[in-house]
>>> print(open('data-v8.csv').read())   # CSV, C-alpha atoms
chain,number,residue,atom,x,y,z
Z,57,MET,CA,168.3,125.5,37.1
Z,58,ALA,CA,165.5,123.0,36.9
Z,59,ASP,CA,165.6,122.2,40.6
Z,60,ALA,CA,166.0,125.9,41.3
Z,61,ASP,CA,162.9,126.7,39.2
Z,62,ARG,CA,160.9,124.3,41.3
Z,63,VAL,CA,162.3,125.7,44.6
Z,64,PHE,CA,161.6,129.3,43.5
Z,65,ALA,CA,158.1,128.4,42.5
Z,66,GLU,CA,157.5,126.8,45.9
Z,67,PHE,CA,159.5,129.2,48.1
Z,68,GLY,CA,159.8,132.4,46.1
Z,69,ALA,CA,157.1,134.2,48.1
Z,70,MET,CA,158.7,133.0,51.3
Z,71,LEU,CA,162.0,134.5,50.3
Z,72,SER,CA,160.4,137.9,49.9
Z,73,ARG,CA,158.8,137.6,53.3
Z,74,VAL,CA,162.0,136.6,55.0
Z,75,ALA,CA,163.8,139.4,53.2
Z,76,ALA,CA,161.1,141.8,54.7
Z,77,MET,CA,162.4,140.9,58.1
Z,78,TYR,CA,165.8,142.2,57.3
Z,79,ALA,CA,165.2,145.0,54.8
Z,80,PRO,CA,162.6,147.7,54.3
Z,81,PRO,CA,160.6,147.7,51.1
Z,82,GLY,CA,162.5,148.9,47.9
Z,83,ALA,CA,165.6,148.2,46.0
Z,84,ASP,CA,167.4,147.0,49.1
Z,85,ARG,CA,164.9,144.2,49.7
Z,86,GLU,CA,164.9,143.2,46.1
Z,87,ASP,CA,168.7,142.9,46.2
Z,88,LEU,CA,168.5,140.8,49.3
Z,89,VAL,CA,165.9,138.5,47.6
Z,90,GLN,CA,168.2,138.1,44.6
Z,91,GLU,CA,171.1,137.3,46.9
Z,92,MET,CA,169.0,134.7,48.6
Z,93,ALA,CA,168.0,133.2,45.2
Z,94,VAL,CA,171.6,133.0,44.0
Z,95,ALA,CA,172.8,131.5,47.3
Z,96,LEU,CA,170.0,128.9,47.0
Z,97,VAL,CA,171.0,127.9,43.5
Z,98,ARG,CA,174.5,127.3,44.7
Z,99,ALA,CA,173.5,125.6,47.9
Z,100,LEU,CA,170.9,123.2,46.4
Z,101,PRO,CA,173.4,120.6,45.2
Z,102,ARG,CA,174.7,120.3,48.7
Z,103,HIS,CA,171.4,119.5,50.2
Z,104,ARG,CA,171.9,115.8,51.2
Z,105,GLY,CA,168.4,115.2,52.6
Z,106,ASP,CA,169.5,115.1,56.3
Z,107,SER,CA,167.1,118.0,56.9
Z,108,SER,CA,163.9,118.8,55.1
Z,109,LEU,CA,164.3,121.1,52.0
Z,110,ARG,CA,161.9,123.6,53.6
Z,111,THR,CA,164.1,124.1,56.7
Z,112,TYR,CA,167.3,124.1,54.5
Z,113,VAL,CA,165.8,126.9,52.4
Z,114,TYR,CA,164.8,128.9,55.4
Z,115,ARG,CA,168.2,128.5,57.0
Z,116,ILE,CA,170.0,129.8,53.8
Z,117,ALA,CA,167.5,132.7,53.5
Z,118,HIS,CA,168.1,133.7,57.2
Z,119,ASN,CA,171.9,133.4,56.8
Z,120,CYS,CA,171.8,135.7,53.8
Z,121,GLY,CA,169.8,138.2,55.8
Z,122,ILE,CA,172.3,138.1,58.6
Z,123,ARG,CA,175.2,138.6,56.2
Z,124,ARG,CA,173.4,141.6,54.7
Z,125,LEU,CA,172.7,143.0,58.1
Z,126,ALA,CA,176.4,142.7,59.1
Z,127,ARG,CA,177.5,144.4,55.8
Z,128,ARG,CA,174.9,147.2,56.2
Z,129,ARG,CA,176.0,147.9,59.8
Z,130,ALA,CA,179.7,147.7,58.9
Z,131,ALA,CA,179.1,150.2,56.1
Z,132,GLY,CA,177.6,152.6,58.6
Z,133,ALA,CA,174.3,152.6,56.7
Z,134,PRO,CA,171.4,154.1,58.7
Z,135,LEU,CA,169.5,151.5,60.8
Z,136,ASP,CA,166.7,150.8,58.5
Z,137,GLU,CA,165.1,148.1,60.5
Z,138,ALA,CA,162.2,150.3,61.4
Z,139,VAL,CA,161.6,152.1,58.2
Z,140,VAL,CA,158.0,152.0,57.1
Z,141,ALA,CA,157.0,152.2,53.4
Z,142,ALA,CA,155.3,155.3,52.2
Z,143,PRO,CA,151.6,154.8,51.7
Z,144,THR,CA,150.8,153.8,48.1
Z,145,PRO,CA,147.8,155.0,46.3
Z,146,GLY,CA,145.0,152.6,45.5
Z,147,PRO,CA,141.5,151.6,46.8
Z,148,GLU,CA,141.1,152.3,50.5
Z,149,ARG,CA,140.8,148.7,51.6
Z,150,GLU,CA,143.9,147.7,49.7
Z,151,VAL,CA,145.9,150.6,51.2
Z,152,ALA,CA,144.7,149.7,54.7
Z,153,ALA,CA,145.7,146.1,54.2
Z,154,ARG,CA,149.1,147.1,52.8
Z,155,GLU,CA,149.7,149.4,55.7
Z,156,GLY,CA,148.7,146.7,58.1
Z,157,VAL,CA,151.2,144.3,56.6
Z,158,GLU,CA,154.0,146.9,56.5
Z,159,ARG,CA,153.2,148.0,60.1
Z,160,LEU,CA,153.6,144.4,61.2
Z,161,ALA,CA,156.8,143.9,59.2
Z,162,SER,CA,158.2,147.2,60.5
Z,163,ALA,CA,157.4,146.1,64.1
Z,164,VAL,CA,159.1,142.7,63.5
Z,165,ARG,CA,162.2,144.5,62.1
Z,166,THR,CA,162.6,146.4,65.4
Z,167,LEU,CA,162.8,143.2,67.4
Z,168,PRO,CA,166.3,141.9,68.4
Z,169,LEU,CA,167.6,139.4,65.8
Z,170,GLY,CA,167.2,136.2,67.8
Z,171,ALA,CA,163.5,137.0,68.6
Z,172,ARG,CA,162.8,138.2,65.1
Z,173,GLN,CA,164.0,135.0,63.5
Z,174,VAL,CA,162.0,132.7,65.8
Z,175,LEU,CA,158.9,134.9,65.4
Z,176,VAL,CA,159.0,135.0,61.6
Z,177,LEU,CA,159.5,131.3,61.3
Z,178,ALA,CA,156.5,130.8,63.6
Z,179,LEU,CA,154.5,133.2,61.4
Z,180,GLU,CA,155.6,131.1,58.4
Z,181,GLY,CA,153.9,128.1,60.1
Z,182,LEU,CA,157.0,126.1,61.1
Z,183,THR,CA,156.7,123.9,64.2
Z,184,HIS,CA,158.9,124.5,67.2
Z,185,ALA,CA,161.0,121.5,66.2
Z,186,GLU,CA,161.4,122.9,62.7
Z,187,ILE,CA,162.4,126.3,64.0
Z,188,GLY,CA,164.9,124.6,66.2
Z,189,GLU,CA,166.3,122.8,63.2
Z,190,VAL,CA,166.6,126.0,61.2
Z,191,LEU,CA,168.2,128.0,63.9
Z,192,GLY,CA,170.1,125.2,65.7
Z,193,LEU,CA,168.2,125.7,69.0
Z,194,ALA,CA,166.6,123.3,71.4
Z,195,GLU,CA,162.8,123.3,71.3
Z,196,ASN,CA,162.5,124.7,74.8
Z,197,VAL,CA,164.7,127.6,73.9
Z,198,VAL,CA,162.5,128.2,70.9
Z,199,SER,CA,159.4,128.2,73.1
Z,200,VAL,CA,160.9,130.7,75.5
Z,201,ARG,CA,162.2,133.0,72.8
Z,202,LEU,CA,158.9,132.9,70.9
Z,203,HIS,CA,156.9,133.7,74.1
Z,204,ARG,CA,159.1,136.8,74.7
Z,205,ALA,CA,159.1,137.8,71.1
Z,206,ARG,CA,155.3,137.7,71.0
Z,207,ALA,CA,155.1,139.9,74.1
Z,208,ALA,CA,157.4,142.4,72.6
Z,209,LEU,CA,155.6,142.5,69.3
Z,210,ARG,CA,152.3,142.9,71.1
Z,211,ALA,CA,153.7,145.9,73.0
Z,212,LEU,CA,155.1,147.3,69.7
Z,213,LEU,CA,151.8,147.0,67.9
Z,214,GLY,CA,150.0,148.5,70.9
Z,215,GLU,CA,147.8,145.5,71.5
Z,216,VAL,CA,146.7,144.5,75.0
Z,217,ALA,CA,145.5,141.1,76.3
Z,218,ASP,CA,142.3,141.2,78.2
Z,219,GLU,CA,141.3,138.7,80.8
Z,220,THR,CA,139.7,136.4,78.3
Z,221,GLY,CA,143.0,136.1,76.5
Z,222,GLU,CA,141.8,137.9,73.4
Z,223,ARG,CA,144.0,140.7,72.0
Z,224,HIS,CA,142.8,144.0,70.8
Z,225,GLY,CA,144.4,147.0,69.2
Z,226,ARG,CA,144.5,150.1,71.5
W,238,MET,CA,149.1,128.0,66.7
W,239,ASP,CA,146.7,130.2,68.7
W,240,ASP,CA,144.4,132.9,67.5
W,241,GLU,CA,146.8,135.8,68.0
W,242,LEU,CA,149.6,134.0,66.1
W,243,ARG,CA,147.2,132.9,63.4
W,244,ARG,CA,146.0,136.5,62.9
W,245,TRP,CA,149.5,137.8,62.7
W,246,ALA,CA,150.5,135.0,60.3
W,247,ALA,CA,147.5,135.8,58.1
W,248,THR,CA,148.6,139.5,57.9
W,249,TRP,CA,152.3,138.4,57.4
W,250,LYS,CA,151.4,136.1,54.5
W,251,GLN,CA,149.5,138.9,52.8
W,252,MET,CA,152.8,140.4,52.0
W,253,GLU,CA,152.9,140.5,48.3
W,254,GLY,CA,155.7,138.7,46.6
W,255,LEU,CA,158.1,141.1,45.0
W,256,ASP,CA,157.2,142.0,41.5
W,257,MET,CA,160.3,140.5,40.0
W,258,ASP,CA,161.3,137.4,38.2
W,259,ILE,CA,163.5,135.8,40.8
W,260,VAL,CA,164.8,133.1,38.5
W,261,ARG,CA,165.8,135.6,35.8
W,262,ARG,CA,167.6,137.9,38.3
W,263,ALA,CA,169.3,134.9,39.9
W,264,GLN,CA,170.5,133.6,36.5
W,265,SER,CA,171.7,137.0,35.5
W,266,ALA,CA,173.7,137.5,38.8
W,267,TYR,CA,175.1,134.0,38.5
W,268,ARG,CA,176.3,134.8,34.9
W,269,ILE,CA,177.8,138.1,35.8
W,270,ASP,CA,179.8,136.5,38.6
W,271,ALA,CA,181.0,133.8,36.3
W,272,VAL,CA,182.0,136.3,33.6
W,273,ARG,CA,183.9,138.4,36.3
W,274,GLN,CA,185.9,135.4,37.4
W,275,LEU,CA,186.7,134.5,33.8
W,276,LEU,CA,187.8,138.0,33.1
W,277,GLU,CA,190.1,138.0,36.2
W,278,VAL,CA,191.8,134.8,35.1
W,279,LEU,CA,191.9,136.0,31.4
W,280,GLY,CA,193.4,139.3,32.4
W,281,ALA,CA,196.1,137.7,34.5
W,282,GLY,CA,196.8,135.1,31.7
W,283,VAL,CA,197.1,137.8,29.0
W,284,GLY,CA,199.5,139.8,31.2
W,285,VAL,CA,201.7,136.7,31.8
W,286,VAL,CA,201.8,135.7,28.1
W,287,GLY,CA,202.5,139.3,27.0
W,288,PHE,CA,205.3,139.6,29.4
W,289,ALA,CA,206.8,136.2,28.4
W,290,TRP,CA,206.6,137.3,24.8
W,291,TRP,CA,208.4,140.6,25.5
W,292,LEU,CA,211.1,138.8,27.5
W,293,GLY,CA,211.5,136.2,24.7
W,294,TRP,CA,211.8,138.9,22.1
W,295,LYS,CA,214.5,140.7,24.3
W,296,LEU,CA,216.4,137.5,24.9
W,297,SER,CA,216.4,136.6,21.2
W,298,ARG,CA,218.0,140.0,20.5
W,299,GLY,CA,220.4,139.7,23.4
W,300,GLU,CA,219.2,143.0,24.9
W,301,VAL,CA,218.3,142.0,28.4
W,302,SER,CA,219.6,144.5,30.9
W,303,ALA,CA,219.8,144.5,34.7
W,304,VAL,CA,216.6,146.5,34.9
W,305,ASP,CA,214.8,143.9,32.7
W,306,TRP,CA,215.8,141.2,35.2
W,307,VAL,CA,214.4,143.3,38.0
W,308,LEU,CA,211.1,143.5,36.0
W,309,VAL,CA,211.2,139.7,35.6
W,310,GLY,CA,211.6,139.4,39.3
W,311,ALA,CA,208.7,141.8,39.9
W,312,GLU,CA,206.6,139.8,37.5
W,313,CYS,CA,207.4,136.6,39.2
W,314,CYS,CA,206.5,138.1,42.6
W,315,ALA,CA,203.2,139.4,41.1
W,316,LEU,CA,202.5,136.0,39.7
W,317,VAL,CA,203.0,134.3,43.1
W,318,TYR,CA,200.8,137.1,44.7
W,319,LEU,CA,198.1,136.6,42.0
W,320,GLY,CA,198.2,132.8,42.5
W,321,VAL,CA,197.8,133.2,46.2
W,322,PHE,CA,195.1,135.8,45.8
W,323,PHE,CA,193.0,133.7,43.3
W,324,ARG,CA,193.4,130.6,45.5
W,325,ASN,CA,192.4,132.5,48.7
W,326,SER,CA,189.5,134.2,47.0
W,327,ALA,CA,188.2,130.9,45.5
W,328,ARG,CA,188.6,129.2,49.0
W,329,GLN,CA,186.8,132.1,50.7
W,330,ARG,CA,183.9,131.9,48.2
W,331,ALA,CA,183.6,128.1,48.7
W,332,LYS,CA,183.8,128.6,52.5
W,333,SER,CA,181.2,131.3,52.5
W,334,ARG,CA,178.8,129.2,50.4
W,335,GLU,CA,179.4,126.3,52.8
W,336,LEU,CA,178.7,128.5,55.8
W,337,LEU,CA,175.3,129.5,54.5
W,338,SER,CA,173.9,126.1,55.2
W,339,ASP,CA,175.1,126.3,58.8
W,340,THR,CA,173.1,127.6,61.8
W,341,PRO,CA,173.0,131.4,62.2
W,342,GLN,CA,175.2,131.3,65.3
W,343,SER,CA,177.8,129.1,63.6
W,344,LEU,CA,177.6,131.3,60.5
W,345,VAL,CA,178.4,134.4,62.6
W,346,ASN,CA,181.1,132.7,64.6
W,347,ASP,CA,182.8,131.3,61.5
W,348,LEU,CA,182.6,134.6,59.7
W,349,MET,CA,184.2,136.3,62.7
W,350,GLN,CA,187.0,133.8,62.6
W,351,VAL,CA,187.5,134.3,58.9
W,352,HIS,CA,187.6,138.1,59.3
W,353,GLU,CA,189.9,137.9,62.3
W,354,ARG,CA,192.4,135.7,60.4
W,355,GLU,CA,192.4,138.1,57.5
W,356,LEU,CA,192.7,141.1,59.8
W,357,HIS,CA,195.6,139.5,61.5
W,358,ALA,CA,197.3,138.9,58.2
W,359,TRP,CA,196.9,142.5,57.2
W,360,VAL,CA,198.1,144.0,60.5
W,361,ASN,CA,200.8,141.5,61.3
W,362,LYS,CA,203.8,143.7,62.3
W,363,TRP,CA,206.5,141.3,61.1
W,364,ALA,CA,204.9,140.8,57.7
W,365,LEU,CA,204.3,144.5,57.3
W,366,ALA,CA,207.9,145.3,58.2
W,367,THR,CA,209.3,142.7,55.9
W,368,CYS,CA,207.1,143.8,53.0
W,369,GLY,CA,208.0,147.4,53.6
W,370,LEU,CA,211.7,146.7,53.8
W,371,VAL,CA,211.7,144.4,50.7
W,372,GLY,CA,209.5,146.9,48.7
W,373,VAL,CA,211.6,150.0,49.6
W,374,THR,CA,214.9,148.3,49.1
W,375,GLY,CA,213.8,146.8,45.8
W,376,ILE,CA,212.5,150.2,44.5
W,377,ALA,CA,215.7,152.0,45.7
W,378,TRP,CA,217.9,149.4,44.0
W,379,THR,CA,215.9,149.6,40.8
W,380,VAL,CA,216.1,153.4,40.7
W,381,ILE,CA,219.8,153.4,41.3
W,382,THR,CA,220.4,150.7,38.6
W,383,THR,CA,218.2,152.6,36.1
W,384,ILE,CA,220.0,155.9,36.8
W,385,ARG,CA,223.4,154.2,36.4
W,386,ALA,CA,222.4,152.4,33.2
W,387,ASN,CA,220.9,155.6,31.8
W,388,ALA,CA,224.1,157.6,32.6
W,389,ALA,CA,226.2,154.9,30.9
W,390,GLY,CA,223.9,155.1,27.9
W,391,LYS,CA,223.0,151.4,28.3
W,392,LEU,CA,219.3,151.9,28.6
W,393,GLN,CA,217.6,151.0,25.3
W,394,SER,CA,214.3,152.6,26.2
W,395,PRO,CA,214.4,155.0,29.2
W,396,ALA,CA,210.7,155.8,28.9
W,397,LEU,CA,209.7,152.2,29.2
W,398,ALA,CA,212.1,151.6,32.1
W,399,TRP,CA,210.9,154.6,34.0
W,400,GLY,CA,207.3,153.8,33.1
W,401,ALA,CA,207.6,150.3,34.4
W,402,LEU,CA,209.1,151.6,37.6
W,403,CYS,CA,206.3,154.1,38.1
W,404,PHE,CA,203.8,151.4,37.5
W,405,LEU,CA,205.5,149.2,40.2
W,406,VAL,CA,205.5,152.1,42.7
W,407,LEU,CA,201.9,153.0,41.9
W,408,SER,CA,200.9,149.3,42.3
W,409,LEU,CA,202.6,149.2,45.8
W,410,VAL,CA,200.9,152.4,46.8
W,411,ALA,CA,197.5,151.1,45.6
W,412,LEU,CA,198.1,147.9,47.6
W,413,ALA,CA,198.9,150.0,50.7
W,414,VAL,CA,195.7,152.1,50.2
W,415,PHE,CA,193.6,149.0,49.6
W,416,GLY,CA,195.1,147.4,52.7
W,417,ARG,CA,194.2,150.4,54.8
W,418,TYR,CA,190.6,150.4,53.6
W,419,ARG,CA,190.3,146.7,53.9
W,420,VAL,CA,191.6,146.8,57.5
W,421,ARG,CA,189.0,149.5,58.4
W,422,PHE,CA,186.3,147.5,56.7
W,423,LEU,CA,187.2,144.3,58.5
W,424,ARG,CA,187.3,146.1,61.8
W,425,ARG,CA,183.8,147.6,61.2
W,426,GLU,CA,182.4,144.3,60.0
W,427,LEU,CA,183.9,142.4,63.0
W,428,SER,CA,182.3,144.9,65.3
W,429,SER,CA,178.9,144.5,63.6
W,430,LEU,CA,179.2,140.7,63.7
W,431,ARG,CA,180.0,140.9,67.4
W,432,ASP,CA,176.8,143.0,67.8
W,433,ILE,CA,174.8,140.4,65.9
W,434,GLN,CA,176.3,137.6,67.9
W,435,ARG,CA,175.3,139.4,71.1
W,436,GLU,CA,171.8,139.8,69.8
W,437,LEU,CA,171.6,136.1,68.8
W,438,ASP,CA,172.9,135.0,72.2
W,439,ALA,CA,170.8,137.5,74.3
W,440,SER,CA,167.7,135.5,74.0
W,441,GLU,CA,169.3,132.4,75.5
W,442,ARG,CA,170.6,134.4,78.4
W,443,GLY,CA,167.0,135.5,79.3
W,444,GLY,CA,166.8,138.8,77.4
W,445,LEU,CA,165.0,139.2,74.1
>>> encode(input="data-v8.csv", output="structure tokens")
Amino acid sequence: MADADRVFAEFGAMLSRVAAMYAPPGADREDLVQEMAVALVRALPRHRGDSSLRTYVYRIAHNCGIRRLARRRAAGAPLDEAVVAAPTPGPEREVAAREGVERLASAVRTLPLGARQVLVLALEGLTHAEIGEVLGLAENVVSVRLHRARAALRALLGEVADETGERHGR
Amino acid sequence: MDDELRRWAATWKQMEGLDMDIVRRAQSAYRIDAVRQLLEVLGAGVGVVGFAWWLGWKLSRGEVSAVDWVLVGAECCALVYLGVFFRNSARQRAKSRELLSDTPQSLVNDLMQVHERELHAWVNKWALATCGLVGVTGIAWTVITTIRANAAGKLQSPALAWGALCFLVLSLVALAVFGRYRVRFLRRELSSLRDIQRELDASERGGL
């Protein structure tokens, strides 16, 4: 597990964020993160270096998310993509920050899967080429998908673009 | 990355890491899975050794009846079935691990193919009819043989013979019930995979 320890130290927080795209907060998300972690441990020996470790890890995390989504839908579980966490007690600023984060995550979860994946990878800081590598898409497809995903997210968050191009909350 | 995306990314990355030891949980899940597999193989092994010991004991006393040979036949069928089951489940596990490093579209397409193949195997009319015929004929023949042996007073241990027969019937019923649920599950999973496939493809056709 030495390699796995290193990968978890580097990508552990990322796994939680990718899981947030597929599952609302709570035990379900924790289970998904664990599933991703186990899948990573098993998949690491097969990484031959033909792609970067970063894109490899993202690809496995997303595929675990897709598998979970398929299972949840097949089991007839309620669509939980848009579930928002109950506000947690704490200092006002902290609560506001948490709500902001979960509001964004909840809006992301309502996007169609293809758009969601591209957007989250962009938020994670991947370039269009890297996103294409993770999802098996051409760069121009990534650009188009990202453009549309951003427009949809903006609408969901109730933000408008003024003439100067700056976005504001309504 | 422009301002808007940077702002969203900053919010996104504020998401706290889950308060859990990922390594510890992964290790624990990994261990549980390994123990489960070991128990499956051990259980099957103990069953086979126990049965072989029982048959050897009977043979050594020259007490093997027709019903016993039916049980030997059933055990051999169960062994073949278990062998195929373990081999398939090991292959499926390996395949599903392999698929995880594929692209999402390929993953969904391959999962659909795997599920369709399994569904086809479960609902194949010829296979179902053959299994049903062989099962019903086998059970009927065993019941008749047991009744005749019992009437002739040749049955050494009627309780054991009837118990084994009940076990066989219950196992077949359990398999049929499992098959029914499995088929339902596979159909639902295929339907959800088709939805996911549509969602993944929609963006390329111009939708979101």
>>> closest_atom_pairs(input="data-v8.csv", of="chain W", to="chain Z", cutoff="6 Å", atoms="all atoms listed in the file", output="tab-separated table")
residue	atom	partner	partner_atom	distance
W:Ala246	CA	Z:Leu179	CA	4.5
W:Thr248	CA	Z:Val157	CA	5.6
W:Gly254	CA	Z:Ala69	CA	4.9
W:Ala263	CA	Z:Val94	CA	5.1
W:Leu337	CA	Z:Ile116	CA	5.4
W:Ser338	CA	Z:Ile116	CA	5.6
W:Thr340	CA	Z:Leu191	CA	5.3
W:Pro341	CA	Z:Asn119	CA	5.9
W:Arg425	CA	Z:Ala130	CA	4.7
W:Glu426	CA	Z:Ala130	CA	4.5
W:Ser429	CA	Z:Ala126	CA	5.5
W:Leu430	CA	Z:Ala126	CA	5.7
W:Glu436	CA	Z:Leu169	CA	5.8
W:Leu437	CA	Z:Gly170	CA	4.5
>>> write_last_selection(input="data-v8.csv", atoms="C-alpha atoms", output="mmCIF file, in the frame of the given file")
data_model
loop_
_atom_site.group_PDB
_atom_site.id
_atom_site.type_symbol
_atom_site.label_atom_id
_atom_site.label_comp_id
_atom_site.auth_asym_id
_atom_site.auth_seq_id
_atom_site.Cartn_x
_atom_site.Cartn_y
_atom_site.Cartn_z
ATOM 1 C CA ALA W 246 150.500 135.000 60.300
ATOM 2 C CA THR W 248 148.600 139.500 57.900
ATOM 3 C CA GLY W 254 155.700 138.700 46.600
ATOM 4 C CA ALA W 263 169.300 134.900 39.900
ATOM 5 C CA LEU W 337 175.300 129.500 54.500
ATOM 6 C CA SER W 338 173.900 126.100 55.200
ATOM 7 C CA THR W 340 173.100 127.600 61.800
ATOM 8 C CA PRO W 341 173.000 131.400 62.200
ATOM 9 C CA ARG W 425 183.800 147.600 61.200
ATOM 10 C CA GLU W 426 182.400 144.300 60.000
ATOM 11 C CA SER W 429 178.900 144.500 63.600
ATOM 12 C CA LEU W 430 179.200 140.700 63.700
ATOM 13 C CA GLU W 436 171.800 139.800 69.800
ATOM 14 C CA LEU W 437 171.600 136.100 68.800
#
>>> atom_distance(input="data-v8.csv", atom1="CA of Glu355 (chain W)", atom2="CA of Leu423 (chain W)")
8.2 Å
>>> closest_residue(input="data-v8.csv", among="W:Leu292, W:Val304, W:Val278, W:Leu409", to="Val371 (chain W)", atoms="only C-alpha atoms")
W:Leu409
>>> closest_residue(input="data-v8.csv", among="Z:Met77, Z:Ile187, Z:Arg104, Z:Ala194", to="Arg165 (chain Z)", atoms="all atoms listed in the file")
Z:Met77
>>> atom_distance(input="data-v8.csv", atom1="CA of Ala211 (chain Z)", atom2="CA of Val174 (chain Z)")
17.2 Å
>>> build_atoms(input="data-v8.csv", residues="region 189-205 of chain Z", atoms="N, CA and C atoms", output="PDB file, keeping the file's coordinate frame")
ATOM      1  N   GLU Z 189     165.396 123.340  64.242  1.00  0.00           N
ATOM      2  CA  GLU Z 189     166.300 122.800  63.200  1.00  0.00           C
ATOM      3  C   GLU Z 189     166.917 123.869  62.362  1.00  0.00           C
ATOM      4  N   VAL Z 190     166.096 124.864  62.009  1.00  0.00           N
ATOM      5  CA  VAL Z 190     166.600 126.000  61.200  1.00  0.00           C
ATOM      6  C   VAL Z 190     167.671 126.762  61.927  1.00  0.00           C
ATOM      7  N   LEU Z 191     167.370 127.079  63.199  1.00  0.00           N
ATOM      8  CA  LEU Z 191     168.200 128.000  63.900  1.00  0.00           C
ATOM      9  C   LEU Z 191     169.268 127.290  64.816  1.00  0.00           C
ATOM     10  N   GLY Z 192     169.188 125.970  64.867  1.00  0.00           N
ATOM     11  CA  GLY Z 192     170.100 125.200  65.700  1.00  0.00           C
ATOM     12  C   GLY Z 192     169.878 125.437  67.177  1.00  0.00           C
ATOM     13  N   LEU Z 193     168.578 125.485  67.553  1.00  0.00           N
ATOM     14  CA  LEU Z 193     168.200 125.700  69.000  1.00  0.00           C
ATOM     15  C   LEU Z 193     167.392 124.543  69.476  1.00  0.00           C
ATOM     16  N   ALA Z 194     167.427 124.350  70.806  1.00  0.00           N
ATOM     17  CA  ALA Z 194     166.600 123.300  71.400  1.00  0.00           C
ATOM     18  C   ALA Z 194     165.139 123.814  71.407  1.00  0.00           C
ATOM     19  N   GLU Z 195     164.197 122.872  71.419  1.00  0.00           N
ATOM     20  CA  GLU Z 195     162.800 123.300  71.300  1.00  0.00           C
ATOM     21  C   GLU Z 195     162.343 124.153  72.490  1.00  0.00           C
ATOM     22  N   ASN Z 196     162.872 123.852  73.703  1.00  0.00           N
ATOM     23  CA  ASN Z 196     162.500 124.700  74.800  1.00  0.00           C
ATOM     24  C   ASN Z 196     162.983 126.110  74.711  1.00  0.00           C
ATOM     25  N   VAL Z 197     164.148 126.262  74.106  1.00  0.00           N
ATOM     26  CA  VAL Z 197     164.700 127.600  73.900  1.00  0.00           C
ATOM     27  C   VAL Z 197     163.794 128.351  72.880  1.00  0.00           C
ATOM     28  N   VAL Z 198     163.351 127.605  71.857  1.00  0.00           N
ATOM     29  CA  VAL Z 198     162.500 128.200  70.900  1.00  0.00           C
ATOM     30  C   VAL Z 198     161.180 128.697  71.536  1.00  0.00           C
ATOM     31  N   SER Z 199     160.616 127.856  72.423  1.00  0.00           N
ATOM     32  CA  SER Z 199     159.400 128.200  73.100  1.00  0.00           C
ATOM     33  C   SER Z 199     159.545 129.496  73.916  1.00  0.00           C
ATOM     34  N   VAL Z 200     160.630 129.541  74.685  1.00  0.00           N
ATOM     35  CA  VAL Z 200     160.900 130.700  75.500  1.00  0.00           C
ATOM     36  C   VAL Z 200     161.059 131.959  74.686  1.00  0.00           C
ATOM     37  N   ARG Z 201     161.871 131.814  73.636  1.00  0.00           N
ATOM     38  CA  ARG Z 201     162.200 133.000  72.800  1.00  0.00           C
ATOM     39  C   ARG Z 201     160.912 133.448  72.072  1.00  0.00           C
ATOM     40  N   LEU Z 202     160.080 132.504  71.638  1.00  0.00           N
ATOM     41  CA  LEU Z 202     158.900 132.900  70.900  1.00  0.00           C
ATOM     42  C   LEU Z 202     157.898 133.607  71.865  1.00  0.00           C
ATOM     43  N   HIS Z 203     157.793 133.101  73.098  1.00  0.00           N
ATOM     44  CA  HIS Z 203     156.900 133.700  74.100  1.00  0.00           C
ATOM     45  C   HIS Z 203     157.306 135.180  74.300  1.00  0.00           C
ATOM     46  N   ARG Z 204     158.604 135.417  74.461  1.00  0.00           N
ATOM     47  CA  ARG Z 204     159.100 136.800  74.700  1.00  0.00           C
ATOM     48  C   ARG Z 204     158.937 137.661  73.463  1.00  0.00           C
ATOM     49  N   ALA Z 205     159.185 137.044  72.304  1.00  0.00           N
ATOM     50  CA  ALA Z 205     159.100 137.800  71.100  1.00  0.00           C
ATOM     51  C   ALA Z 205     157.618 138.259  70.863  1.00  0.00           C
TER      52      ALA Z 205
END
